file query31.cif (mmCIF, C-alpha atoms)
data_upload
#
loop_
_atom_site.label_atom_id
_atom_site.label_comp_id
_atom_site.auth_asym_id
_atom_site.auth_seq_id
_atom_site.Cartn_x
_atom_site.Cartn_y
_atom_site.Cartn_z
CA MET W 1 92.26 59.28 102.02
CA ASN W 2 94.15 61.48 104.48
CA GLU W 3 92.57 63.87 106.97
CA ILE W 4 92.78 66.92 104.69
CA GLN W 5 91.12 65.14 101.76
CA ARG W 6 88.18 63.76 103.71
CA PRO W 7 84.88 65.11 102.39
CA MET W 8 83.08 67.64 104.60
CA SER W 9 79.98 65.44 104.73
CA LYS W 10 81.70 62.91 107.02
CA LYS W 11 80.65 63.01 110.66
CA ILE W 12 83.01 64.91 112.94
CA ASN W 13 84.36 62.81 115.81
CA LYS W 14 83.19 63.78 119.27
CA ILE W 15 85.71 65.23 121.69
CA SER W 16 86.53 62.80 124.49
CA GLU W 17 86.75 63.76 128.14
CA LYS W 18 90.49 63.11 127.85
CA ASP W 19 90.63 65.71 125.05
CA VAL W 20 88.64 68.17 127.19
CA LYS W 21 91.03 67.73 130.10
CA GLU W 22 94.11 68.11 127.88
CA PHE W 23 92.70 71.24 126.22
CA VAL W 24 91.92 72.94 129.53
CA LEU W 25 95.23 71.99 131.12
CA GLU W 26 97.12 73.32 128.07
CA ARG W 27 95.29 76.65 128.47
CA PHE W 28 96.25 76.65 132.14
CA GLU W 29 99.90 76.20 131.16
CA ASP W 30 99.56 79.48 129.25
CA VAL W 31 98.33 81.15 132.45
CA LYS W 32 101.29 79.78 134.39
CA LYS W 33 103.71 81.11 131.77
CA SER W 34 102.15 84.57 131.82
CA MET W 35 102.41 84.87 135.61
CA LYS W 36 99.56 87.41 135.57
CA ILE W 37 96.55 87.33 137.89
CA LYS W 38 94.40 88.86 135.12
CA ASP W 39 95.10 85.78 132.99
CA LEU W 40 94.09 83.46 135.85
CA VAL W 41 90.89 85.47 136.37
CA ALA W 42 90.13 85.25 132.63
CA PHE W 43 90.87 81.50 132.64
CA GLN W 44 88.52 80.98 135.58
CA SER W 45 85.84 83.04 133.88
CA THR W 46 85.99 81.29 130.49
CA ASN W 47 86.08 77.82 132.03
CA LYS W 48 83.42 78.37 134.70
CA TYR W 49 80.64 76.28 133.16
CA MET W 50 82.95 73.57 131.91
CA ILE W 51 84.39 73.16 135.43
CA MET W 52 80.87 73.34 136.90
CA ALA W 53 79.83 70.42 134.70
CA HIS W 54 82.71 68.39 136.09
CA ASN W 55 82.62 69.34 139.77
CA GLN W 56 80.64 72.20 141.28
CA LYS W 57 82.33 71.86 144.67
CA GLU W 58 85.78 72.30 143.12
CA LEU W 59 84.51 75.25 141.07
CA LYS W 60 83.72 77.07 144.30
CA ILE W 61 87.15 76.22 145.74
CA LEU W 62 88.83 77.46 142.54
CA GLY W 63 86.89 80.72 142.76
CA ASN W 64 88.03 81.21 146.34
CA ILE W 65 91.64 80.52 145.34
CA VAL W 66 91.48 83.19 142.61
CA ALA W 67 89.85 85.62 145.05
CA SER W 68 92.72 85.14 147.53
CA ASN W 69 95.20 86.77 145.14
CA LYS W 70 95.97 89.72 147.43
CA LYS W 71 96.66 87.51 150.46
CA ILE W 72 98.81 84.73 149.01
CA PRO W 73 101.85 84.89 146.67
CA PHE W 74 100.86 84.24 143.05
CA LEU W 75 103.06 81.14 142.69
CA GLU W 76 101.30 79.53 145.64
CA ILE W 77 97.95 80.41 144.10
CA LEU W 78 98.96 78.74 140.83
CA VAL W 79 100.08 75.55 142.60
CA GLU W 80 96.88 75.34 144.64
CA TYR W 81 94.70 76.24 141.67
CA GLU W 82 96.30 73.60 139.45
CA LYS W 83 95.79 70.93 142.09
CA HIS W 84 92.08 71.71 142.40
CA LEU W 85 91.65 72.15 138.64
CA LYS W 86 93.01 68.65 138.06
CA THR W 87 90.79 67.30 140.83
CA SER W 88 87.74 68.91 139.22
CA LEU W 89 88.57 67.48 135.79
CA ASP W 90 89.05 63.97 137.19
CA LYS W 91 85.30 63.79 137.78
CA GLU W 92 83.37 63.20 134.55
CA PRO W 93 80.24 65.25 133.92
CA THR W 94 76.88 63.55 134.31
CA ILE W 95 73.43 64.29 132.94
CA LYS W 96 72.66 65.86 136.32
CA THR W 97 75.71 68.16 136.31
CA HIS W 98 75.17 69.14 132.67
CA THR W 99 71.52 69.89 133.48
CA ASN W 100 72.64 72.14 136.33
CA VAL W 101 74.91 74.06 133.97
CA ILE W 102 72.20 74.33 131.31
CA LEU W 103 69.77 75.74 133.87
CA HIS W 104 72.36 78.31 134.98
CA ILE W 105 72.79 79.32 131.34
CA PHE W 106 69.01 79.42 130.82
CA GLY W 107 68.89 82.06 133.55
CA PHE W 108 70.71 84.45 131.24
CA PHE W 109 67.83 84.34 128.72
CA SER W 110 64.65 83.27 130.48
CA LYS W 111 63.32 86.83 130.89
CA ASN W 112 63.64 87.39 127.14
CA PHE W 113 61.93 84.17 126.03
CA SER W 114 58.33 83.87 125.04
CA GLN W 115 56.28 81.20 126.78
CA MET W 116 56.54 79.00 123.67
CA GLU W 117 60.34 79.38 123.62
CA LYS W 118 60.53 78.45 127.30
CA GLU W 119 58.38 75.37 126.70
CA GLN W 120 60.58 74.33 123.76
CA PHE W 121 63.71 74.86 125.86
CA PHE W 122 62.39 72.64 128.66
CA LYS W 123 61.24 70.06 126.13
CA LEU W 124 64.82 69.88 124.82
CA LEU W 125 66.16 69.70 128.37
CA SER W 126 63.78 66.83 129.13
CA GLN W 127 64.92 65.00 126.00
CA PHE W 128 68.52 65.41 127.12
CA GLN W 129 67.71 64.15 130.62
CA LYS W 130 66.04 61.08 129.09
CA ASN W 131 69.10 60.43 126.86
CA LYS W 132 67.08 61.12 123.70
CA ILE W 133 69.51 63.85 122.63
CA THR W 134 73.14 64.51 123.54
CA ILE W 135 74.68 67.38 125.45
CA GLY W 136 76.11 68.48 122.12
CA ASN W 137 72.63 68.66 120.60
CA ILE W 138 71.19 70.90 123.31
CA LEU W 139 74.28 73.11 123.47
CA SER W 140 74.28 73.65 119.73
CA GLU W 141 70.73 74.94 120.14
CA ILE W 142 71.75 77.22 123.01
CA ASN W 143 74.74 78.48 121.02
CA LEU W 144 72.38 80.12 118.56
CA ILE W 145 70.49 81.78 121.41
CA ILE W 146 73.77 83.16 122.75
CA TYR W 147 74.36 84.89 119.44
CA ARG W 148 70.75 86.02 119.18
CA PHE W 149 71.16 87.89 122.48
CA ASN W 150 74.81 88.81 121.79
CA ASN W 151 76.00 87.38 125.10
CA THR W 152 79.79 87.60 124.78
CA TYR W 153 80.35 86.15 128.27
CA LEU W 154 78.62 82.90 127.35
CA ALA W 155 80.06 82.93 123.82
CA SER W 156 83.55 82.84 125.34
CA GLN W 157 82.84 79.77 127.50
CA THR W 158 84.96 76.71 126.74
CA TYR W 159 81.91 74.64 127.74
CA PHE W 160 80.29 75.44 124.38
CA LEU W 161 83.52 75.03 122.46
CA LEU W 162 84.16 71.58 123.91
CA TYR W 163 80.67 70.08 124.14
CA SER W 164 78.52 71.64 121.37
CA ASP W 165 77.70 69.88 118.12
CA PRO W 166 78.36 72.50 115.43
CA ASP W 167 76.20 70.86 112.76
CA LYS W 168 72.80 70.80 114.45
CA GLY W 169 69.65 72.83 113.91
CA ASN W 170 68.20 75.71 115.77
CA ILE W 171 65.61 75.87 118.54
CA PHE W 172 63.61 78.44 116.58
CA GLN W 173 63.53 76.25 113.47
CA ILE W 174 62.12 73.49 115.66
CA LEU W 175 59.42 75.86 116.91
CA ARG W 176 58.41 76.68 113.33
CA ASN W 177 58.33 72.99 112.37
CA THR W 178 56.65 71.63 115.48
CA ASN W 179 53.17 70.24 115.17
CA PRO W 180 51.00 70.30 118.29
CA GLU W 181 51.03 66.92 120.02
#
call {"tool": "encode", "arguments": {"input": "query31.cif", "output": "structure tokens"}}
result
Amino acid sequence: MNEIQRPMSKKINKISEKDVKEFVLERFEDVKKSMKIKDLVAFQSTNKYMIMAHNQKELKILGNIVASNKKIPFLEILVEYEKHLKTSLDKEPTIKTHTNVILHIFGFFSKNFSQMEKEQFFKLLSQFQKNKITIGNILSEINLIIYRFNNTYLASQTYFLLYSDPDKGNIFQILRNTNPE
């Protein structure tokens, strides 16, 4: 059976870190071709959390490089940015770095959550930290929250595109189905 004929019920293969790196670097090639600072700013913005999961120190350096656009010729910025982007992607994300990103994202919603929703969120985060669920599991839950609150900034993040599991449930379904322990 070829790829097109495979039934939809088959499990989708996970994206590897190599695939993540290739995807991001291909998008950066588009920025280089455009030669526009606005495209570099947009690239930095949409890849912020994905880069943060890989290397927070390099994320800060990349931000400073983008911010230097009025002081340094754009070609030099692109060369320096690409060097640091590749350095950041060479470091694989860990549970700790993913947790940091998830907590940053949680900050966008925490004021709007009920106490029960906050407890469920931290329960999921704890399960992730204990390797009971994957990063894809928790991000697929957060994805639905992004749409609930219509957060277009987070919806545009490559972090969700590359790491979420699209076929998982919903944090609010879990709340409805949870029995007190």
call {"tool": "resolve_selection", "arguments": {"input": "query31.cif", "expression": "the PyMOL selection byres ((chain W and resi 78) around 12)", "output": "VMD selection string"}}
result
chain W and resid 28 to 37 39 to 41 43 to 44 62 65 to 66 68 to 69 72 to 77 79 to 85
call {"tool": "residues_around", "arguments": {"input": "query31.cif", "residues": "Lys21 (chain W)", "least_positions_apart": "3", "cutoff": "9 Å", "atoms": "only C-alpha atoms", "output": "PyMOL selection string"}}
result
chain W and resi 16-18+24-26+86+89-90
call {"tool": "write_last_selection", "arguments": {"input": "query31.cif", "atoms": "C-alpha atoms", "output": "PDB file, keeping the file's coordinate frame"}}
result
ATOM      1  CA  SER W  16      86.530  62.800 124.490  1.00  0.00           C
ATOM      2  CA  GLU W  17      86.750  63.760 128.140  1.00  0.00           C
ATOM      3  CA  LYS W  18      90.490  63.110 127.850  1.00  0.00           C
ATOM      4  CA  VAL W  24      91.920  72.940 129.530  1.00  0.00           C
ATOM      5  CA  LEU W  25      95.230  71.990 131.120  1.00  0.00           C
ATOM      6  CA  GLU W  26      97.120  73.320 128.070  1.00  0.00           C
ATOM      7  CA  LYS W  86      93.010  68.650 138.060  1.00  0.00           C
ATOM      8  CA  LEU W  89      88.570  67.480 135.790  1.00  0.00           C
ATOM      9  CA  ASP W  90      89.050  63.970 137.190  1.00  0.00           C
TER      10      ASP W  90
END
call {"tool": "resolve_selection", "arguments": {"input": "query31.cif", "expression": "the PyMOL selection byres ((chain W and resi 103-113) around 9)", "output": "PyMOL selection string"}}
result
chain W and resi 49+98-102+114-118+121+125+142+145-146+149+151+154
call {"tool": "atom_distance", "arguments": {"input": "query31.cif", "atom1": "CA of Asp165 (chain W)", "atom2": "CA of Ala42 (chain W)"}}
result
24.5 Å
call {"tool": "residues_around", "arguments": {"input": "query31.cif", "residues": "Asn55 (chain W)", "least_positions_apart": "2", "cutoff": "10 Å", "atoms": "all atoms listed in the file", "output": "VMD selection string"}}
result
chain W and resid 49 to 53 57 to 60 85 87 to 94 97
call {"tool": "closest_residue", "arguments": {"input": "query31.cif", "among": "W:Leu144, W:Ile15, W:Val20, W:Ile138", "to": "Ser126 (chain W)", "atoms": "all atoms listed in the file"}}
result
W:Ile138
call {"tool": "atom_distance", "arguments": {"input": "query31.cif", "atom1": "CA of Ala67 (chain W)", "atom2": "CA of Ala155 (chain W)"}}
result
23.5 Å
call {"tool": "atom_distance", "arguments": {"input": "query31.cif", "atom1": "CA of Gly136 (chain W)", "atom2": "CA of Asn47 (chain W)"}}
result
16.9 Å
call {"tool": "residues_near_point", "arguments": {"input": "query31.cif", "point": "(90.7, 73.5, 119.7)", "cutoff": "9 Å", "atoms": "all atoms listed in the file", "output": "PyMOL selection string"}}
result
chain W and resi 23+161-162
call {"tool": "build_atoms", "arguments": {"input": "query31.cif", "residues": "region 49-60 of chain W", "atoms": "all heavy atoms", "output": "tab-separated table (two decimals), in the coordinates of the input"}}
result
chain	number	residue	atom	x	y	z
W	49	TYR	N	81.71	77.27	133.36
W	49	TYR	CA	80.64	76.28	133.16
W	49	TYR	C	81.19	74.90	132.84
W	49	TYR	O	80.59	73.90	133.20
W	49	TYR	CB	79.65	76.77	132.11
W	49	TYR	CG	78.85	77.94	132.64
W	49	TYR	CD1	79.01	79.21	132.12
W	49	TYR	CD2	77.98	77.77	133.72
W	49	TYR	CE1	78.30	80.28	132.63
W	49	TYR	CE2	77.28	78.83	134.24
W	49	TYR	CZ	77.44	80.09	133.69
W	49	TYR	OH	76.74	81.14	134.21
W	50	MET	N	82.33	74.87	132.19
W	50	MET	CA	82.95	73.57	131.91
W	50	MET	C	83.37	72.91	133.23
W	50	MET	O	83.11	71.73	133.45
W	50	MET	CB	84.16	73.77	130.97
W	50	MET	CG	84.70	72.49	130.37
W	50	MET	SD	85.85	71.63	131.44
W	50	MET	CE	86.94	72.93	131.88
W	51	ILE	N	83.99	73.69	134.13
W	51	ILE	CA	84.39	73.16	135.43
W	51	ILE	C	83.15	72.79	136.24
W	51	ILE	O	83.11	71.75	136.89
W	51	ILE	CB	85.28	74.16	136.19
W	51	ILE	CG1	86.61	74.36	135.43
W	51	ILE	CG2	85.55	73.68	137.62
W	51	ILE	CD1	87.46	75.52	135.94
W	52	MET	N	82.12	73.62	136.17
W	52	MET	CA	80.87	73.34	136.90
W	52	MET	C	80.29	72.00	136.47
W	52	MET	O	79.77	71.24	137.30
W	52	MET	CB	79.86	74.46	136.67
W	52	MET	CG	78.56	74.28	137.44
W	52	MET	SD	77.29	75.52	137.02
W	52	MET	CE	77.95	76.96	137.82
W	53	ALA	N	80.37	71.69	135.18
W	53	ALA	CA	79.83	70.42	134.70
W	53	ALA	C	80.62	69.24	135.26
W	53	ALA	O	80.07	68.16	135.46
W	53	ALA	CB	79.87	70.37	133.17
W	54	HIS	N	81.87	69.45	135.53
W	54	HIS	CA	82.71	68.39	136.09
W	54	HIS	C	82.55	68.27	137.60
W	54	HIS	O	82.42	67.16	138.12
W	54	HIS	CB	84.19	68.64	135.75
W	54	HIS	CG	84.54	68.28	134.35
W	54	HIS	ND1	85.11	67.08	134.02
W	54	HIS	CD2	84.38	68.95	133.18
W	54	HIS	CE1	85.29	67.03	132.71
W	54	HIS	NE2	84.85	68.15	132.18
W	55	ASN	N	82.61	69.42	138.31
W	55	ASN	CA	82.62	69.34	139.77
W	55	ASN	C	82.31	70.71	140.36
W	55	ASN	O	83.20	71.56	140.46
W	55	ASN	CB	84.00	68.85	140.23
W	55	ASN	CG	84.06	68.48	141.68
W	55	ASN	OD1	83.43	69.12	142.52
W	55	ASN	ND2	84.82	67.45	142.00
W	56	GLN	N	81.07	70.91	140.77
W	56	GLN	CA	80.64	72.20	141.28
W	56	GLN	C	81.36	72.57	142.58
W	56	GLN	O	81.67	73.74	142.81
W	56	GLN	CB	79.13	72.21	141.48
W	56	GLN	CG	78.60	73.60	141.72
W	56	GLN	CD	77.10	73.71	141.58
W	56	GLN	OE1	76.44	72.76	141.20
W	56	GLN	NE2	76.57	74.88	141.87
W	57	LYS	N	81.62	71.59	143.41
W	57	LYS	CA	82.33	71.86	144.67
W	57	LYS	C	83.73	72.42	144.40
W	57	LYS	O	84.15	73.41	145.00
W	57	LYS	CB	82.43	70.57	145.50
W	57	LYS	CG	83.17	70.73	146.81
W	57	LYS	CD	83.28	69.39	147.53
W	57	LYS	CE	84.28	69.49	148.66
W	57	LYS	NZ	84.64	68.18	149.17
W	58	GLU	N	84.44	71.82	143.46
W	58	GLU	CA	85.78	72.30	143.12
W	58	GLU	C	85.72	73.67	142.44
W	58	GLU	O	86.63	74.48	142.61
W	58	GLU	CB	86.52	71.29	142.24
W	58	GLU	CG	86.96	70.04	142.97
W	58	GLU	CD	88.00	70.28	144.06
W	58	GLU	OE1	88.86	71.17	143.91
W	58	GLU	OE2	87.94	69.56	145.07
W	59	LEU	N	84.66	73.94	141.68
W	59	LEU	CA	84.51	75.25	141.07
W	59	LEU	C	84.51	76.34	142.14
W	59	LEU	O	85.16	77.38	142.00
W	59	LEU	CB	83.24	75.33	140.24
W	59	LEU	CG	82.92	76.71	139.65
W	59	LEU	CD1	83.97	77.13	138.63
W	59	LEU	CD2	81.52	76.73	139.05
W	60	LYS	N	83.78	76.10	143.20
W	60	LYS	CA	83.72	77.07	144.30
W	60	LYS	C	85.09	77.25	144.94
W	60	LYS	O	85.52	78.37	145.22
W	60	LYS	CB	82.68	76.63	145.33
W	60	LYS	CG	82.48	77.61	146.44
W	60	LYS	CD	81.35	77.24	147.34
W	60	LYS	CE	81.29	78.28	148.43
W	60	LYS	NZ	80.00	78.53	148.94
